[in-house]
Structures are given as structure tokens and as C-alpha cells.
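Below is final-v1.cif, holding mmCIF, C-alpha atoms and all ligand atoms.
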```
data_model
loop_
_atom_site.label_atom_id
_atom_site.label_comp_id
_atom_site.auth_asym_id
_atom_site.auth_seq_id
_atom_site.Cartn_x
_atom_site.Cartn_y
_atom_site.Cartn_z
CA MET P 25 -4.57 10.86 19.29
CA ASP P 26 -2.95 14.28 19.27
CA PHE P 27 -3.16 16.90 16.52
CA GLY P 28 -0.04 15.73 14.64
CA MET P 29 -1.14 12.11 14.48
CA LYS P 30 -4.71 13.03 13.44
CA ASN P 31 -3.45 15.52 10.88
CA ARG P 32 -1.13 12.94 9.31
CA MET P 33 -3.88 10.30 9.29
CA SER P 34 -6.09 12.80 7.43
CA LYS P 35 -3.40 13.06 4.72
CA ILE P 36 -3.56 9.29 4.23
CA PHE P 37 -7.32 8.73 4.60
CA ASN P 38 -9.50 11.23 2.73
CA PRO P 39 -11.42 13.01 5.52
CA LYS P 40 -14.57 13.10 3.33
CA ASP P 41 -15.09 9.34 3.44
CA GLY P 42 -12.32 7.97 5.64
CA LYS P 43 -10.97 5.87 2.77
CA THR P 44 -7.69 5.77 0.88
CA VAL P 45 -6.11 4.78 -2.40
CA MET P 46 -2.44 4.29 -1.58
CA LEU P 47 -0.17 3.61 -4.54
CA ALA P 48 2.50 1.08 -3.53
CA VAL P 49 5.75 1.48 -5.46
CA ASP P 50 8.19 0.22 -2.82
CA HIS P 51 8.77 -3.20 -4.40
CA GLY P 52 12.35 -2.42 -5.48
CA TYR P 53 13.52 -2.54 -1.85
CA PHE P 54 13.74 -6.34 -2.15
CA GLN P 55 12.83 -7.11 -5.77
CA GLY P 56 15.12 -4.64 -7.55
CA PRO P 57 13.86 -3.14 -10.83
CA THR P 58 10.47 -4.87 -10.87
CA THR P 59 8.37 -4.95 -14.04
CA GLY P 60 6.55 -1.62 -14.28
CA LEU P 61 8.94 0.16 -11.90
CA ARG P 62 12.20 -0.15 -13.85
CA ASP P 63 11.78 3.44 -15.02
CA MET P 64 10.05 5.33 -12.23
CA LYS P 65 8.96 7.99 -14.75
CA ASN P 66 6.15 5.58 -15.60
CA ILE P 67 4.48 6.09 -12.27
CA ILE P 68 4.64 9.92 -12.23
CA PRO P 69 1.25 10.40 -14.01
CA LEU P 70 -0.37 8.04 -11.48
CA ILE P 71 0.65 9.98 -8.39
CA PRO P 72 -2.01 12.73 -8.54
CA GLN P 73 -4.69 10.02 -8.66
CA ALA P 74 -3.57 8.53 -5.33
CA ASP P 75 -4.26 9.78 -1.81
CA CYS P 76 -0.89 8.54 -0.64
CA LEU P 77 2.31 7.17 -2.16
CA PHE P 78 3.97 4.18 -0.43
CA VAL P 79 7.62 4.44 -1.29
CA THR P 80 11.21 4.08 -0.06
CA ARG P 81 13.40 7.06 0.75
CA GLY P 82 15.76 6.37 -2.15
CA ILE P 83 13.05 6.57 -4.77
CA LEU P 84 11.40 9.52 -3.04
CA ARG P 85 14.63 11.55 -3.00
CA ASN P 86 15.72 10.68 -6.53
CA CYS P 87 12.58 10.26 -8.62
CA ILE P 88 9.67 12.15 -7.07
CA ASP P 89 8.92 15.86 -7.42
CA PRO P 90 8.83 17.38 -3.90
CA LYS P 91 5.92 19.58 -5.05
CA ILE P 92 3.46 16.65 -5.26
CA GLU P 93 0.23 17.12 -3.35
CA THR P 94 -0.20 13.40 -2.69
CA SER P 95 0.98 12.43 0.79
CA VAL P 96 3.81 9.98 1.43
CA CYS P 97 4.00 6.88 3.57
CA LEU P 98 7.61 5.77 3.86
CA ARG P 99 8.69 2.11 3.78
CA VAL P 100 11.16 1.93 6.67
CA SER P 101 11.95 -1.79 6.88
CA GLY P 102 14.08 -4.10 4.76
CA GLY P 103 17.30 -6.07 4.65
CA PRO P 104 17.00 -9.26 2.63
CA SER P 105 16.65 -9.30 -1.15
CA ILE P 106 14.33 -11.62 -3.01
CA LEU P 107 17.25 -14.11 -3.00
CA GLY P 108 17.42 -14.25 0.81
CA GLU P 109 15.19 -15.06 3.78
CA LEU P 110 12.49 -12.42 3.39
CA SER P 111 11.42 -12.44 7.03
CA ASN P 112 14.90 -11.35 8.13
CA GLU P 113 13.91 -7.67 8.04
CA ASP P 114 14.91 -4.87 10.33
CA ILE P 115 14.11 -1.19 10.55
CA THR P 116 16.32 0.57 8.01
CA THR P 117 15.15 4.18 7.90
CA SER P 118 15.11 6.47 10.94
CA MET P 119 12.21 8.48 12.28
CA GLU P 120 14.33 11.60 11.81
CA GLU P 121 14.53 10.79 8.10
CA ALA P 122 10.75 10.21 7.91
CA LEU P 123 10.19 13.62 9.50
CA ARG P 124 12.76 15.31 7.23
CA LEU P 125 11.02 13.82 4.19
CA ASN P 126 7.70 15.12 5.53
CA ALA P 127 6.15 11.64 5.58
CA SER P 128 2.57 11.31 6.74
CA GLY P 129 3.22 7.75 7.85
CA VAL P 130 5.80 4.99 8.03
CA GLY P 131 5.33 1.34 7.10
CA MET P 132 7.10 -1.91 7.91
CA SER P 133 6.51 -5.61 7.36
CA MET P 134 5.88 -8.16 10.09
CA TYR P 135 6.09 -11.89 9.42
CA VAL P 136 3.55 -13.90 11.40
CA GLY P 137 4.18 -17.63 11.02
CA ALA P 138 7.61 -17.16 9.44
CA LYS P 139 11.19 -17.61 10.64
CA ASN P 140 11.75 -14.20 12.20
CA GLU P 141 8.22 -13.73 13.46
CA ASP P 142 9.16 -12.61 16.99
CA ARG P 143 11.86 -10.14 15.91
CA THR P 144 9.70 -8.48 13.25
CA ILE P 145 6.81 -8.15 15.70
CA THR P 146 8.94 -6.70 18.50
CA ASN P 147 10.52 -4.35 15.93
CA LEU P 148 7.00 -3.20 15.13
CA GLY P 149 6.47 -2.41 18.81
CA ARG P 150 9.73 -0.44 18.91
CA LEU P 151 8.87 1.50 15.74
CA ILE P 152 5.47 2.42 17.17
CA ASN P 153 7.04 3.58 20.46
CA GLU P 154 9.28 5.94 18.52
CA ALA P 155 6.68 7.02 15.97
CA GLU P 156 4.19 8.00 18.66
CA ARG P 157 6.71 10.44 20.17
CA PHE P 158 6.38 12.42 16.91
CA GLY P 159 2.72 11.84 16.05
CA MET P 160 3.66 9.57 13.14
CA PRO P 161 1.17 6.85 12.10
CA VAL P 162 2.58 3.34 11.58
CA LEU P 163 1.32 1.02 8.86
CA ALA P 164 1.98 -2.64 9.72
CA ILE P 165 2.20 -4.92 6.70
CA THR P 166 1.23 -8.48 7.43
CA ALA P 167 3.59 -10.25 5.06
CA VAL P 168 2.67 -13.91 4.72
CA GLY P 169 5.05 -16.76 5.65
CA LYS P 170 5.61 -19.19 2.75
CA GLU P 171 3.88 -22.09 4.52
CA MET P 172 0.86 -20.10 5.65
CA VAL P 173 -2.55 -20.41 4.01
CA ARG P 174 -3.99 -16.97 3.30
CA ASP P 175 -7.34 -17.61 5.00
CA ALA P 176 -9.39 -15.44 7.35
CA ARG P 177 -8.05 -17.28 10.42
CA TYR P 178 -4.42 -16.60 9.59
CA ILE P 179 -4.90 -13.10 8.12
CA GLY P 180 -7.16 -12.28 11.10
CA LEU P 181 -4.46 -13.43 13.51
CA ALA P 182 -1.78 -11.31 11.83
CA CYS P 183 -3.97 -8.18 11.63
CA ARG P 184 -5.08 -8.45 15.25
CA ILE P 185 -1.51 -8.83 16.47
CA ALA P 186 -0.50 -5.72 14.50
CA ALA P 187 -3.35 -3.74 16.07
CA GLU P 188 -2.58 -5.07 19.58
CA PHE P 189 0.99 -3.81 19.22
CA GLY P 190 -0.39 -0.36 18.40
CA ALA P 191 -0.27 -0.16 14.59
CA HIS P 192 -2.46 2.71 13.41
CA ILE P 193 -3.16 1.11 10.00
CA VAL P 194 -2.86 -2.52 8.92
CA LYS P 195 -2.13 -3.66 5.39
CA THR P 196 -2.96 -7.21 4.46
CA TYR P 197 -4.27 -9.48 1.71
CA TYR P 198 -7.91 -10.00 0.80
CA CYS P 199 -9.35 -13.43 1.56
CA ASP P 200 -12.75 -15.13 1.80
CA GLY P 201 -14.46 -14.16 5.05
CA PHE P 202 -12.73 -10.78 5.07
CA GLU P 203 -15.61 -9.39 7.20
CA ASP P 204 -14.28 -11.50 10.08
CA VAL P 205 -10.77 -10.09 9.61
CA VAL P 206 -12.19 -6.54 9.73
CA ALA P 207 -14.38 -7.36 12.75
CA GLY P 208 -11.35 -8.58 14.71
CA CYS P 209 -9.14 -5.58 13.93
CA PRO P 210 -9.89 -2.26 15.67
CA VAL P 211 -7.83 -0.12 13.26
CA PRO P 212 -8.33 0.64 9.53
CA ILE P 213 -7.30 -2.13 7.14
CA VAL P 214 -6.06 -1.54 3.59
CA ILE P 215 -5.49 -4.37 1.16
CA ALA P 216 -2.44 -5.05 -1.00
CA GLY P 217 -3.24 -6.23 -4.49
CA GLY P 218 -0.70 -9.06 -4.61
CA LYS P 219 0.50 -10.58 -7.87
CA LYS P 220 -0.87 -9.16 -11.14
CA LEU P 221 -4.37 -10.46 -11.87
CA PRO P 222 -6.63 -9.90 -14.88
CA GLU P 223 -8.00 -6.35 -14.45
CA MET P 224 -11.58 -7.46 -13.79
CA ASP P 225 -10.44 -9.86 -11.04
CA ALA P 226 -8.38 -7.15 -9.35
CA LEU P 227 -11.35 -4.76 -9.44
CA LYS P 228 -13.71 -7.44 -8.10
CA MET P 229 -11.28 -8.08 -5.24
CA THR P 230 -11.21 -4.34 -4.51
CA GLU P 231 -15.01 -4.13 -4.50
CA ASN P 232 -15.31 -7.19 -2.24
CA ALA P 233 -12.74 -5.81 0.19
CA ILE P 234 -14.49 -2.43 0.43
CA ARG P 235 -17.88 -4.10 0.91
CA ALA P 236 -16.35 -6.23 3.66
CA GLY P 237 -15.20 -3.11 5.50
CA ALA P 238 -11.70 -2.40 4.23
CA SER P 239 -10.73 1.28 4.42
CA GLY P 240 -9.00 1.24 1.06
CA VAL P 241 -6.06 -0.22 -0.79
CA ASP P 242 -2.30 0.04 -0.83
CA MET P 243 -1.97 -1.40 -4.31
CA GLY P 244 0.98 -1.78 -6.62
CA ARG P 245 1.37 -4.45 -9.31
CA ASN P 246 -2.30 -4.58 -10.27
CA ILE P 247 -2.00 -0.91 -11.13
CA PHE P 248 1.50 -0.33 -12.51
CA GLN P 249 1.73 -3.68 -14.35
CA SER P 250 -1.64 -3.18 -16.07
CA ASP P 251 -1.74 -2.31 -19.78
CA SER P 252 -3.48 0.88 -18.62
CA PRO P 253 -2.07 1.89 -15.23
CA ILE P 254 -3.95 5.20 -15.33
CA GLY P 255 -7.18 3.39 -16.19
CA MET P 256 -6.67 0.96 -13.33
CA ILE P 257 -5.91 3.56 -10.69
CA LYS P 258 -8.94 5.60 -11.75
CA ALA P 259 -11.09 2.46 -11.62
CA VAL P 260 -9.81 1.50 -8.16
CA LYS P 261 -10.38 5.09 -7.00
CA ALA P 262 -14.01 4.98 -8.20
CA ILE P 263 -14.62 1.75 -6.27
CA VAL P 264 -12.93 2.97 -3.08
CA HIS P 265 -14.21 6.54 -3.00
CA LYS P 266 -17.42 6.47 -5.03
CA GLY P 267 -18.77 3.02 -4.20
CA ALA P 268 -18.58 2.00 -7.88
CA THR P 269 -18.97 -1.67 -8.76
CA ALA P 270 -16.16 -3.68 -10.34
CA GLU P 271 -18.07 -3.55 -13.64
CA GLU P 272 -18.28 0.25 -13.49
CA GLY P 273 -14.59 0.34 -12.62
CA TYR P 274 -13.79 -1.91 -15.56
CA GLU P 275 -15.54 0.54 -17.92
CA ILE P 276 -13.34 3.34 -16.59
CA TYR P 277 -10.25 1.19 -17.15
CA GLN P 278 -11.27 0.31 -20.71
CA LYS P 279 -12.17 3.89 -21.60
CA ASN P 280 -8.75 5.12 -20.48
CA LYS P 281 -7.00 2.30 -22.29
CA LYS P 282 -8.82 3.15 -25.53
CA SER P 283 -8.08 6.88 -25.30
CA ALA P 284 -4.40 6.12 -24.70
CA ILE P 285 -4.31 3.91 -27.80
CA SER P 286 -6.11 6.47 -29.96
CA GLY P 287 -3.88 9.22 -28.57
CA ILE P 288 -6.78 11.37 -27.36
CA ASP P 289 -5.00 12.16 -24.13
CA PRO P 290 -1.23 12.38 -24.54
CA ASN P 291 -0.68 12.00 -20.77
CA MET P 292 -2.08 8.52 -20.93
CA GLU P 293 0.35 7.40 -23.58
CA LYS P 294 3.17 7.86 -21.14
CA VAL P 295 1.93 5.19 -18.75
C1 LIG P 301 5.77 -5.53 -0.37
C2 LIG P 301 4.78 -4.47 -0.17
C3 LIG P 301 4.09 -3.91 -1.36
O1 LIG P 301 3.99 -2.55 -1.15
C4 LIG P 301 2.74 -4.55 -1.38
O2 LIG P 301 2.87 -5.91 -1.69
C5 LIG P 301 1.70 -3.86 -2.25
O3 LIG P 301 1.90 -4.08 -3.52
P1 LIG P 301 1.09 -5.14 -4.37
O4 LIG P 301 -0.28 -4.55 -4.55
O5 LIG P 301 1.90 -5.21 -5.62
O6 LIG P 301 1.01 -6.44 -3.60
O7 LIG P 301 4.49 -4.05 0.91
O8 LIG P 301 6.00 -6.16 0.83
#
```
What would you get if you wrote out this structure as C-alpha cells?
Amino acid sequence: MDFGMKNRMSKIFNPKDGKTVMLAVDHGYFQGPTTGLRDMKNIIPLIPQADCLFVTRGILRNCIDPKIETSVCLRVSGGPSILGELSNEDITTSMEEALRLNASGVGMSMYVGAKNEDRTITNLGRLINEAERFGMPVLAITAVGKEMVRDARYIGLACRIAAEFGAHIVKTYYCDGFEDVVAGCPVPIVIAGGKKLPEMDALKMTENAIRAGASGVDMGRNIFQSDSPIGMIKAVKAIVHKGATAEEGYEIYQKNKKSAISGIDPNMEKV
């Protein structure tokens, strides 16, 4: 890896512990104004808590203060809406744009076991070829085909393929036997949170993933759809960066929720 690539990776993964809390707010690229992201002002107080913001160029340009210290990983794939065939994605944002927006990484989905499996995987190869010319890390997102069971065999297959094609970071879903997924993937893995879960379950999943060797999270709905988004991101951060347990994380979440209700911290009322 050259200086540029290493430098960008260090903006995504905290160099102190090699881990990351990425805040995923890209959902609108196929879901439209998703619950929790309708008004992007709601996520502004969360940004300083994250190591990296996973976002589309449209939201970055229109809703995010360019002075943020949190790094940016740009979603560069898309095409179909939630009403279409999700696997029918292509690369939609150029490398030039990623560089102009000062992204520290770019991310795209690949669909193993779905209709357009081969095209999304070869697109990943093409994106990596281009990204490496500029020292830009690529995050491969192993989106799951509708018929696929999210077990360690399938998730392990998808993550390994992403790494074989040269992805620098892989984002996937947590599953039982996650240690085996990590063991078979030579690049850092971050987990998505998936659909909104009760807070304790989401924190337990985070703890289990970190214990199994994940390098962090790229989490969205379980943070911004919580009744205390700021409490949840602080809790997730404590688990990822401080080795806190889910129970300790839950206390952080509850404490923040209570202070927001009692109005102790006005910032927290906004989220
Ligand atoms: C959609 C994505 C989202 O960024 C990803 O799913 C993470 O968000 P969540 O934690 O809500 O699952 O890549 O394809």
C-alpha cells in the first residue's frame, strides 16, 4: 500500500486501535426518505461521534457541513429503487467525484447469489482497478440475495470473493460462526446493523461481532431509528473502541435517552 491508500485507511480506521464506527446514512439511494433520514438535520449531531460517514454524493453536497472532521466514505453504486430488482446496480459516481469530495473511501454493493451476481462482482473489480490508481480504498458491501440464508457459509463465501477481487474493506452482516467468516477474509470486516432491532439486541450483536474479530461497524438503522440515536452511537462506540460489553453500552444508551427527555443536554433533544 502506498502513502495515499494508507493515509485514507487511517481516516476510516482509528490508528489507535485499528477499529471503526462508520455511520451509514446512504439508505435513501434506493429507499428514498427512509424513517430517521427524512430530515437529514437529525443525523448532524451524530456525525462527530463517528469515525467515518457512509453517504451518497447528493446528501454530502446538500446536507453536510464541509468542515466536519469525520471522514467520508462515498456510496458509488446504485440504479434500482426499492421497487425494482435490487441487484441490478452499476457504478454511478466517478472516481474524480470521490476525489473532488475528498472521500477517504468508496463503497459499492455486490450481490452474491442474486440475479446480477457476475456483473456486480466484475464491476467491483473495475472499481478497484480505478481506485488503486488514486490510492482510494474500496469497501465492498456483500448485499444478500433474497433466497440466500445469512449463514457463515454464505456470508463467508461473499466476503472471501470481495477480498479476492481486491476490496480493501468488506461490509457484511453478522451471523452465527462469524469467527469463520473473519478467518476466511484477509481484509478488515465491518458489520451492517440490518433492520432495526431492540437496542439491547443491536448492542449484543455489535459485541459479538467485535469479539469474533470484526474491525467495527458501518451501522445505520439501529442508530438513527433508535429513540436515542446519540445514545446508541455512543454505546456502539464504547463497544467498538473501548471493549465495553453490551450491558455497559446499554447503560450509556439509557443515560443519554434520560438526559434528552429531562432536557439536561439540549443537543440531545435534537436527535
Ligand atoms: C444498504 C447499505 C447500508 O449502508 C447498510 O445496510 C448499513 O445500514 P444498516 O445498518 O441500516 O443495515 O449499504 O445497502
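Distances from P:Ala216, P:Cys97, P:Ile193, P:Ala284 to ligand LIG 301 (chain P) were compared using all atoms listed in the file, and the smallest one belongs to P:Ala216.
What separates CA of Val260 (chain P) from CA of Cys87 (chain P) is a distance of 24.0 Å.
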Exercise. Kindly compile the residues surrounding ligand LIG 301 (chain P) within 7 Å, counting only C-alpha atoms and all ligand atoms, and format them as a list in words.
Key: Ala48, Val49, Asp50, His51, Phe78, Ser133, Ile165, Ala167, Ala216, Gly217, Gly218, Lys219, Asp242, Met243, Gly244, Arg245 and Asn246 of chain P
If you keep C-alpha atoms, can you produce a file of those selected residues as a short mmCIF file (atom, residue, chain, number, x, y, z; two decimals), in the frame of the given file?
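Okay, this is what ended up in selection-v8.cif:
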```
data_model
loop_
_atom_site.label_atom_id
_atom_site.label_comp_id
_atom_site.auth_asym_id
_atom_site.auth_seq_id
_atom_site.Cartn_x
_atom_site.Cartn_y
_atom_site.Cartn_z
CA ALA P 48 2.50 1.08 -3.53
CA VAL P 49 5.75 1.48 -5.46
CA ASP P 50 8.19 0.22 -2.82
CA HIS P 51 8.77 -3.20 -4.40
CA PHE P 78 3.97 4.18 -0.43
CA SER P 133 6.51 -5.61 7.36
CA ILE P 165 2.20 -4.92 6.70
CA ALA P 167 3.59 -10.25 5.06
CA ALA P 216 -2.44 -5.05 -1.00
CA GLY P 217 -3.24 -6.23 -4.49
CA GLY P 218 -0.70 -9.06 -4.61
CA LYS P 219 0.50 -10.58 -7.87
CA ASP P 242 -2.30 0.04 -0.83
CA MET P 243 -1.97 -1.40 -4.31
CA GLY P 244 0.98 -1.78 -6.62
CA ARG P 245 1.37 -4.45 -9.31
CA ASN P 246 -2.30 -4.58 -10.27
#
```
Quiz prompt | For region 58-69 of chain P: contacts at 10 Å, all atoms listed in the file, fewer than 6 positions along chain excluded, given as a PyMOL selection string | solution = chain P and resi 47+49-52+83+86-89+92+244-245+247-251+253-254+291-292+294-295
Filtering to C-alpha atoms, could you give me those residues as an mmCIF file, in the coordinates of the input?
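Wrote it out as result-v3.cif, contents follow:
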```cif
data_model
loop_
_atom_site.group_PDB
_atom_site.id
_atom_site.type_symbol
_atom_site.label_atom_id
_atom_site.label_comp_id
_atom_site.auth_asym_id
_atom_site.auth_seq_id
_atom_site.Cartn_x
_atom_site.Cartn_y
_atom_site.Cartn_z
ATOM 1 C CA LEU P 47 -0.170 3.610 -4.540
ATOM 2 C CA VAL P 49 5.750 1.480 -5.460
ATOM 3 C CA ASP P 50 8.190 0.220 -2.820
ATOM 4 C CA HIS P 51 8.770 -3.200 -4.400
ATOM 5 C CA GLY P 52 12.350 -2.420 -5.480
ATOM 6 C CA ILE P 83 13.050 6.570 -4.770
ATOM 7 C CA ASN P 86 15.720 10.680 -6.530
ATOM 8 C CA CYS P 87 12.580 10.260 -8.620
ATOM 9 C CA ILE P 88 9.670 12.150 -7.070
ATOM 10 C CA ASP P 89 8.920 15.860 -7.420
ATOM 11 C CA ILE P 92 3.460 16.650 -5.260
ATOM 12 C CA GLY P 244 0.980 -1.780 -6.620
ATOM 13 C CA ARG P 245 1.370 -4.450 -9.310
ATOM 14 C CA ILE P 247 -2.000 -0.910 -11.130
ATOM 15 C CA PHE P 248 1.500 -0.330 -12.510
ATOM 16 C CA GLN P 249 1.730 -3.680 -14.350
ATOM 17 C CA SER P 250 -1.640 -3.180 -16.070
ATOM 18 C CA ASP P 251 -1.740 -2.310 -19.780
ATOM 19 C CA PRO P 253 -2.070 1.890 -15.230
ATOM 20 C CA ILE P 254 -3.950 5.200 -15.330
ATOM 21 C CA ASN P 291 -0.680 12.000 -20.770
ATOM 22 C CA MET P 292 -2.080 8.520 -20.930
ATOM 23 C CA LYS P 294 3.170 7.860 -21.140
ATOM 24 C CA VAL P 295 1.930 5.190 -18.750
#
```
Quiz prompt | Among the residues P:Asn153, P:Thr269, P:Thr44, P:Thr144, the one that comes closest to Ser111 (chain P) [using only C-alpha atoms] | solution = P:Thr144
Quiz prompt | Residues within 10 Å of (-7.6, 4.4, -10.5), counting only C-alpha atoms, listed as number ranges by chain | solution = P: 45, 47, 70, 73-74, 227, 247, 252-264, 273, 276-277
Output file for the residues above (C-alpha atoms, as a short mmCIF file (atom, residue, chain, number, x, y, z; two decimals), in the coordinates of the input):
```cif
data_model
loop_
_atom_site.label_atom_id
_atom_site.label_comp_id
_atom_site.auth_asym_id
_atom_site.auth_seq_id
_atom_site.Cartn_x
_atom_site.Cartn_y
_atom_site.Cartn_z
CA VAL P 45 -6.11 4.78 -2.40
CA LEU P 47 -0.17 3.61 -4.54
CA LEU P 70 -0.37 8.04 -11.48
CA GLN P 73 -4.69 10.02 -8.66
CA ALA P 74 -3.57 8.53 -5.33
CA LEU P 227 -11.35 -4.76 -9.44
CA ILE P 247 -2.00 -0.91 -11.13
CA SER P 252 -3.48 0.88 -18.62
CA PRO P 253 -2.07 1.89 -15.23
CA ILE P 254 -3.95 5.20 -15.33
CA GLY P 255 -7.18 3.39 -16.19
CA MET P 256 -6.67 0.96 -13.33
CA ILE P 257 -5.91 3.56 -10.69
CA LYS P 258 -8.94 5.60 -11.75
CA ALA P 259 -11.09 2.46 -11.62
CA VAL P 260 -9.81 1.50 -8.16
CA LYS P 261 -10.38 5.09 -7.00
CA ALA P 262 -14.01 4.98 -8.20
CA ILE P 263 -14.62 1.75 -6.27
CA VAL P 264 -12.93 2.97 -3.08
CA GLY P 273 -14.59 0.34 -12.62
CA ILE P 276 -13.34 3.34 -16.59
CA TYR P 277 -10.25 1.19 -17.15
#
```
